[in-house]
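Below is query10.txt, which holds compact mmCIF, C-alpha atoms and all ligand atoms.
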```
# COMPACT_ATOMS: atom_id res chain seq x y z
CA MET A 27 46.80 -311.07 155.74
CA SER A 28 48.95 -308.63 157.60
CA LEU A 29 50.58 -305.32 156.84
CA ALA A 30 54.35 -305.06 157.08
CA THR A 31 57.15 -303.05 155.53
CA ALA A 32 60.74 -303.97 154.74
CA ASP A 33 61.90 -300.37 154.97
CA PRO A 34 60.48 -298.76 158.13
CA PHE A 35 60.82 -295.31 156.58
CA ARG A 36 58.39 -296.03 153.78
CA PRO A 37 54.62 -296.31 154.05
CA PRO A 38 53.64 -299.94 154.63
CA VAL A 39 52.62 -302.21 151.79
CA PRO A 40 50.46 -305.34 152.24
CA THR A 41 52.35 -308.63 152.53
CA THR A 42 51.46 -312.12 153.71
CA VAL A 43 54.36 -312.77 156.10
CA ALA A 44 53.51 -314.35 159.47
CA HIS A 45 54.36 -312.38 162.63
CA PRO A 46 55.75 -313.97 165.81
CA ALA A 47 53.77 -313.67 169.06
CA PRO A 48 53.80 -310.10 170.47
CA GLN A 49 56.56 -309.23 172.94
CA VAL A 50 56.67 -306.52 175.59
CA ARG A 51 58.06 -303.48 173.81
CA LEU A 52 57.88 -300.80 176.49
CA ALA A 53 57.82 -301.62 180.21
CA ALA A 54 57.54 -299.28 183.19
CA ARG A 55 58.00 -300.35 186.79
CA GLY A 56 57.21 -298.39 189.95
CA LEU A 57 57.20 -294.96 188.31
CA VAL A 58 57.16 -292.13 190.85
CA LYS A 59 57.33 -288.48 189.81
CA ARG A 60 57.03 -285.52 192.17
CA PHE A 61 56.79 -281.81 191.45
CA GLY A 62 57.61 -280.21 194.81
CA ALA A 63 54.96 -281.46 197.23
CA THR A 64 52.76 -282.81 194.40
CA VAL A 65 53.06 -286.54 193.74
CA ALA A 66 52.08 -286.71 190.08
CA LEU A 67 52.89 -290.43 189.69
CA ASP A 68 52.75 -292.74 192.67
CA GLY A 69 54.05 -296.13 191.53
CA VAL A 70 52.73 -296.89 188.03
CA ASP A 71 53.56 -300.19 186.29
CA LEU A 72 52.89 -300.75 182.61
CA ASP A 73 53.62 -303.26 179.85
CA LEU A 74 53.02 -302.21 176.25
CA ALA A 75 53.20 -305.04 173.72
CA ASP A 76 54.37 -304.97 170.10
CA GLY A 77 51.69 -303.32 168.01
CA GLU A 78 49.45 -302.63 171.00
CA SER A 79 47.53 -299.35 171.39
CA LEU A 80 46.92 -298.10 174.91
CA ALA A 81 44.59 -295.31 176.01
CA VAL A 82 45.71 -293.55 179.21
CA MET A 83 42.63 -292.10 180.90
CA GLY A 84 41.71 -290.39 184.15
CA PRO A 85 40.47 -287.09 185.57
CA SER A 86 42.24 -283.79 185.06
CA GLY A 87 45.44 -283.60 187.09
CA SER A 88 45.58 -287.38 187.67
CA GLY A 89 49.04 -287.75 186.10
CA LYS A 90 48.30 -288.82 182.52
CA SER A 91 50.65 -286.39 180.77
CA THR A 92 53.33 -286.94 183.40
CA LEU A 93 53.13 -290.68 182.71
CA LEU A 94 53.42 -290.10 178.97
CA HIS A 95 56.40 -287.79 179.50
CA CYS A 96 58.17 -290.36 181.71
CA LEU A 97 57.47 -293.20 179.25
CA ALA A 98 58.76 -291.09 176.37
CA GLY A 99 61.92 -289.94 178.16
CA ILE A 100 60.86 -286.28 178.24
CA LEU A 101 60.92 -286.44 182.05
CA ALA A 102 63.16 -288.63 184.21
CA PRO A 103 61.17 -290.38 186.98
CA ASP A 104 62.26 -289.87 190.60
CA GLN A 105 61.86 -293.59 191.24
CA GLY A 106 61.29 -296.62 189.04
CA GLY A 107 62.32 -297.06 185.44
CA VAL A 108 61.29 -297.52 181.81
CA ALA A 109 62.72 -300.14 179.47
CA LEU A 110 62.42 -300.20 175.68
CA ARG A 111 62.83 -303.79 174.40
CA GLY A 112 64.47 -304.66 177.73
CA ARG A 113 66.95 -301.76 177.70
CA ASP A 114 66.70 -299.15 180.46
CA VAL A 115 65.93 -295.80 178.85
CA SER A 116 64.89 -293.66 181.81
CA SER A 117 68.18 -293.13 183.60
CA GLY A 118 70.30 -291.62 180.82
CA SER A 119 71.39 -288.00 180.49
CA ASP A 120 69.13 -285.39 178.89
CA ARG A 121 71.13 -285.78 175.67
CA GLU A 122 70.81 -289.58 175.67
CA ARG A 123 67.08 -289.36 176.25
CA SER A 124 66.79 -286.77 173.50
CA LEU A 125 68.55 -289.11 171.05
CA LEU A 126 66.33 -291.97 172.18
CA ARG A 127 63.23 -289.90 171.41
CA ARG A 128 64.51 -288.97 167.99
CA ARG A 129 65.44 -292.54 167.01
CA HIS A 130 62.72 -294.63 168.60
CA TYR A 131 59.65 -292.49 169.26
CA GLY A 132 57.13 -290.43 167.35
CA PHE A 133 54.88 -287.73 168.85
CA VAL A 134 51.47 -286.30 168.06
CA PHE A 135 50.27 -283.42 170.24
CA GLN A 136 46.91 -281.71 170.69
CA PHE A 137 47.72 -278.82 168.39
CA GLY A 138 50.03 -280.71 166.05
CA GLN A 139 52.96 -278.45 166.92
CA LEU A 140 53.95 -278.25 163.29
CA LEU A 141 56.43 -275.56 162.29
CA SER A 142 54.19 -272.84 160.92
CA GLU A 143 56.69 -271.42 158.42
CA LEU A 144 57.43 -274.77 156.75
CA PRO A 145 55.23 -276.52 154.15
CA ALA A 146 53.68 -279.86 155.15
CA VAL A 147 56.26 -281.90 153.25
CA GLU A 148 59.15 -280.24 155.08
CA ASN A 149 57.45 -280.64 158.45
CA VAL A 150 57.19 -284.38 157.76
CA ALA A 151 60.71 -284.71 156.29
CA LEU A 152 62.43 -282.94 159.19
CA PRO A 153 62.66 -285.83 161.71
CA ALA A 154 64.21 -288.08 159.05
CA MET A 155 66.73 -285.35 158.12
CA LEU A 156 67.63 -284.93 161.80
CA LEU A 157 68.57 -288.63 161.78
CA GLY A 158 70.90 -288.11 158.83
CA THR A 159 68.69 -288.89 155.83
CA SER A 160 69.43 -286.64 152.85
CA ARG A 161 66.94 -283.85 152.11
CA ARG A 162 66.04 -285.46 148.78
CA GLU A 163 65.36 -288.90 150.25
CA ALA A 164 63.51 -287.48 153.28
CA THR A 165 61.35 -285.31 151.02
CA GLU A 166 60.46 -288.30 148.84
CA ARG A 167 59.49 -290.37 151.91
CA ALA A 168 57.49 -287.44 153.27
CA ARG A 169 55.57 -287.19 149.99
CA GLN A 170 54.78 -290.90 150.16
CA TRP A 171 53.58 -290.65 153.74
CA LEU A 172 51.40 -287.65 153.01
CA ALA A 173 49.87 -289.44 150.02
CA SER A 174 49.25 -292.60 152.06
CA LEU A 175 47.39 -290.52 154.67
CA GLY A 176 45.15 -288.85 152.10
CA LEU A 177 47.05 -285.57 151.69
CA ALA A 178 48.36 -285.87 148.13
CA GLY A 179 48.40 -282.40 146.57
CA MET A 180 48.73 -280.63 149.93
CA GLU A 181 52.50 -281.09 150.32
CA GLY A 182 53.24 -277.41 149.72
CA ARG A 183 50.66 -276.01 152.16
CA ARG A 184 51.79 -274.46 155.38
CA PRO A 185 50.02 -275.53 158.61
CA GLY A 186 47.91 -272.34 158.58
CA GLU A 187 46.55 -273.39 155.18
CA LEU A 188 45.32 -276.79 156.44
CA SER A 189 42.20 -277.74 158.40
CA GLY A 190 42.68 -279.02 161.95
CA GLY A 191 42.13 -282.62 160.82
CA GLN A 192 44.54 -282.24 157.89
CA ALA A 193 47.17 -280.73 160.18
CA GLN A 194 46.84 -283.72 162.53
CA ARG A 195 47.31 -286.10 159.57
CA VAL A 196 50.52 -284.22 158.78
CA ALA A 197 51.50 -284.70 162.44
CA VAL A 198 50.81 -288.45 162.13
CA ALA A 199 53.00 -288.64 159.00
CA ARG A 200 55.74 -286.73 160.82
CA ALA A 201 55.50 -289.12 163.78
CA LEU A 202 55.84 -292.20 161.56
CA ILE A 203 58.46 -291.18 158.98
CA THR A 204 61.37 -292.39 161.12
CA GLY A 205 59.88 -295.84 161.70
CA PRO A 206 59.45 -295.41 165.47
CA ASP A 207 58.98 -298.22 168.00
CA VAL A 208 56.33 -296.27 169.88
CA VAL A 209 54.11 -293.31 168.98
CA PHE A 210 52.94 -291.09 171.87
CA ALA A 211 49.85 -288.95 171.37
CA ASP A 212 48.71 -286.42 174.00
CA GLU A 213 45.05 -285.45 173.46
CA PRO A 214 45.51 -285.76 169.67
CA THR A 215 41.87 -284.88 168.99
CA GLY A 216 41.49 -282.27 171.74
CA ALA A 217 41.22 -279.37 169.29
CA LEU A 218 38.88 -281.14 166.83
CA ASP A 219 35.14 -281.73 166.54
CA GLN A 220 33.78 -285.26 167.14
CA ALA A 221 33.69 -286.41 163.50
CA THR A 222 37.12 -285.00 162.62
CA GLY A 223 38.53 -286.45 165.84
CA ALA A 224 37.23 -289.90 164.91
CA ASP A 225 38.79 -289.56 161.46
CA VAL A 226 42.17 -288.61 162.97
CA MET A 227 41.97 -291.53 165.43
CA ARG A 228 41.22 -293.94 162.57
CA VAL A 229 44.24 -292.65 160.63
CA LEU A 230 46.46 -292.63 163.73
CA THR A 231 45.59 -296.16 164.88
CA GLU A 232 45.58 -297.75 161.41
CA ALA A 233 48.80 -296.12 160.20
CA THR A 234 50.61 -296.80 163.47
CA ARG A 235 49.58 -300.46 163.48
CA ALA A 236 50.47 -300.88 159.81
CA ALA A 237 53.90 -299.33 160.43
CA GLY A 238 54.55 -301.84 163.24
CA ALA A 239 54.66 -299.21 166.00
CA SER A 240 52.94 -299.41 169.38
CA LEU A 241 50.78 -296.47 170.47
CA VAL A 242 50.11 -294.62 173.73
CA VAL A 243 47.24 -292.10 173.63
CA VAL A 244 46.41 -289.76 176.52
CA THR A 245 42.76 -288.77 176.37
CA HIS A 246 39.76 -287.68 178.44
CA ASP A 247 37.43 -288.90 175.73
CA GLU A 248 35.79 -292.37 175.80
CA SER A 249 35.19 -292.27 172.05
CA VAL A 250 38.92 -291.69 171.48
CA ALA A 251 39.87 -294.49 173.90
CA ALA A 252 37.55 -296.84 172.02
CA TRP A 253 40.00 -296.81 169.09
CA CYS A 254 42.70 -298.36 171.30
CA SER A 255 43.09 -302.03 172.15
CA ARG A 256 43.46 -301.45 175.90
CA ARG A 257 43.11 -298.71 178.50
CA LEU A 258 44.90 -297.73 181.68
CA VAL A 259 43.04 -295.47 184.10
CA ILE A 260 45.00 -293.42 186.60
CA VAL A 261 43.64 -291.41 189.53
CA ASP A 262 45.94 -289.45 191.85
CA GLY A 263 48.97 -290.93 190.10
CA ARG A 264 47.94 -294.58 190.57
CA GLU A 265 46.36 -297.14 188.31
CA VAL A 266 42.70 -297.88 189.04
CA ARG A 267 41.53 -301.36 188.09
CA GLY A 268 38.15 -303.03 187.97
CA PRO A 269 34.66 -301.79 187.04
CA LEU A 270 35.17 -298.31 188.46
CA ALA A 271 37.98 -297.73 185.98
CA GLY A 272 35.60 -298.08 183.04
CA ALA A 273 33.11 -295.70 184.65
CA ARG A 274 35.48 -292.76 184.72
N1 LIG A 301 55.97 -279.09 185.56
C1 LIG A 301 55.15 -279.20 186.62
N2 LIG A 301 55.39 -278.48 187.74
C2 LIG A 301 54.59 -278.60 188.81
N3 LIG A 301 53.52 -279.42 188.88
C3 LIG A 301 53.24 -280.16 187.79
C4 LIG A 301 54.03 -280.09 186.60
N4 LIG A 301 53.50 -280.93 185.68
C5 LIG A 301 52.44 -281.51 186.26
N5 LIG A 301 52.27 -281.05 187.53
C6 LIG A 301 51.23 -281.47 188.48
O1 LIG A 301 51.22 -282.89 188.52
C7 LIG A 301 49.89 -283.38 188.56
C8 LIG A 301 49.63 -284.27 187.35
O2 LIG A 301 49.66 -283.43 186.19
P1 LIG A 301 49.42 -284.01 184.73
O3 LIG A 301 49.60 -282.89 183.77
O4 LIG A 301 50.23 -285.23 184.54
O5 LIG A 301 47.87 -284.43 184.81
P2 LIG A 301 46.88 -284.83 183.61
O6 LIG A 301 46.13 -286.03 184.09
O7 LIG A 301 47.63 -284.97 182.34
O8 LIG A 301 45.94 -283.56 183.60
P3 LIG A 301 45.07 -282.90 182.40
O9 LIG A 301 44.10 -283.97 182.00
O10 LIG A 301 44.39 -281.75 183.05
O11 LIG A 301 46.01 -282.53 181.31
C9 LIG A 301 48.98 -282.18 188.64
O12 LIG A 301 48.71 -281.91 190.00
C10 LIG A 301 49.84 -281.05 188.06
O13 LIG A 301 49.48 -279.79 188.57
```

Write out the structure in this file as structure tokens.
Ligand SMILES: Nc1ncnc2c1ncn2[C@@H]1O[C@H](COP(=O)(O)OP(=O)(O)OP(=O)(O)O)[C@@H](O)[C@H]1O
Amino acid sequence: MSLATADPFRPPVPTTVAHPAPQVRLAARGLVKRFGATVALDGVDLDLADGESLAVMGPSGSGKSTLLHCLAGILAPDQGGVALRGRDVSSGSDRERSLLRRRHYGFVFQFGQLLSELPAVENVALPAMLLGTSRREATERARQWLASLGLAGMEGRRPGELSGGQAQRVAVARALITGPDVVFADEPTGALDQATGADVMRVLTEATRAAGASLVVVTHDESVAAWCSRRLVIVDGREVRGPLAGAR
């Protein structure tokens, strides 16, 4: 049995349809990014398949966040490129990359980055409204997402009235409400204790997979990476392969 959804905006419901073999969804080739004299990325290649979850690991300052930002179109690489379903998405203008992020990507950050003055339901509904969905429809979808992630009854709470783990669940719902192709998470459990972090990773990986999105997680933490299907280790802006990679 697999999980799929006819309407990508709604929480997934179980079905029994067969899926075709996974395809490469996001591909990066020869990514180089410099900040002045610092070479943050020094020729990174990457293929992310449909439904795959990838942990990006490595020491502090190795280029993990820079890689995530280049993959997600937040930064333009100095050399190389990124393709989403075969279409180049790294060379557009700031505005084009901003639209790309809104339409095709979801984001979960270390501290959630929810809007503190808005209740949870409005935080979740906002990305759908920015894509043109009516407030009523977006609010209904947001309620469904919050309920499906275990937050029924907390729709009206502001971020300051939620625990860290609850706030990250809201962030996961907000990342998924637009039916993204890829969800990017930068240290999503960095502000949480071990048990709460594991709970957030379970929700993040299960909900992302069920929604048909691929996932990229930047983390220092082996126990967080263990939730992902594959890992990429970078040191000094380059991928490290082989047994040493697992030891880091
Ligand atoms: N906006 C920037 N301006 C200048 N240097 C930067 C900038 N962003 C990143 N760097 C540098 O690029 C290198 C890679 O940084 P990056 O944040 O990608 O590393 P990281 O692996 O995510 O680190 P951490 O685990 O500590 O968050 C570092 O030397 C960093 O100082």

Name the residues, by chain letter and number, that sit within 9 Å of ligand LIG 301 (chain A) using only C-alpha atoms and all ligand atoms, and give them as number ranges by chain.
A: 59-67, 82-95, 212-213, 244-246, 260-263

Using all atoms listed in the file, which of the listed residues (A:Asp114, A:Glu78, A:Glu181, A:Asp219) sits closest to A:Ser255?
A:Glu78

Show which residues sit within 7 Å of stretch 109-113 of chain A, as a ChimeraX atom specification. Count all atoms listed in the file, and ignore same-chain residues fewer than 2 positions away.
/A:50-54,107,115

Might you pull out every residue within 10 Å of A:Asn149, with only C-alpha atoms counted and same-chain residues fewer than 3 positions away left off, and present them as a ChimeraX atom specification?
/A:139-146,152-153,165,168,181,184-185,196-197,199-200

I'd like to know which of A:Glu163, A:Pro206, A:Leu188, A:Gly216 is closest to A:Val243, using only C-alpha atoms.
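Ranked by minimum distance to A:Val243, first place goes to A:Gly216.
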
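Nearest to A:Cys254 of all the residues A:Gly186, A:Gly77, A:Gly176, A:Gly238 is A:Gly77, based on all atoms listed in the file.
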
Near A:Val209, counting only C-alpha atoms, which residues have an atom at most 6 Å away, once you skip same-chain residues fewer than 2 positions from it, shown as number ranges by chain?
A: 131-133, 241
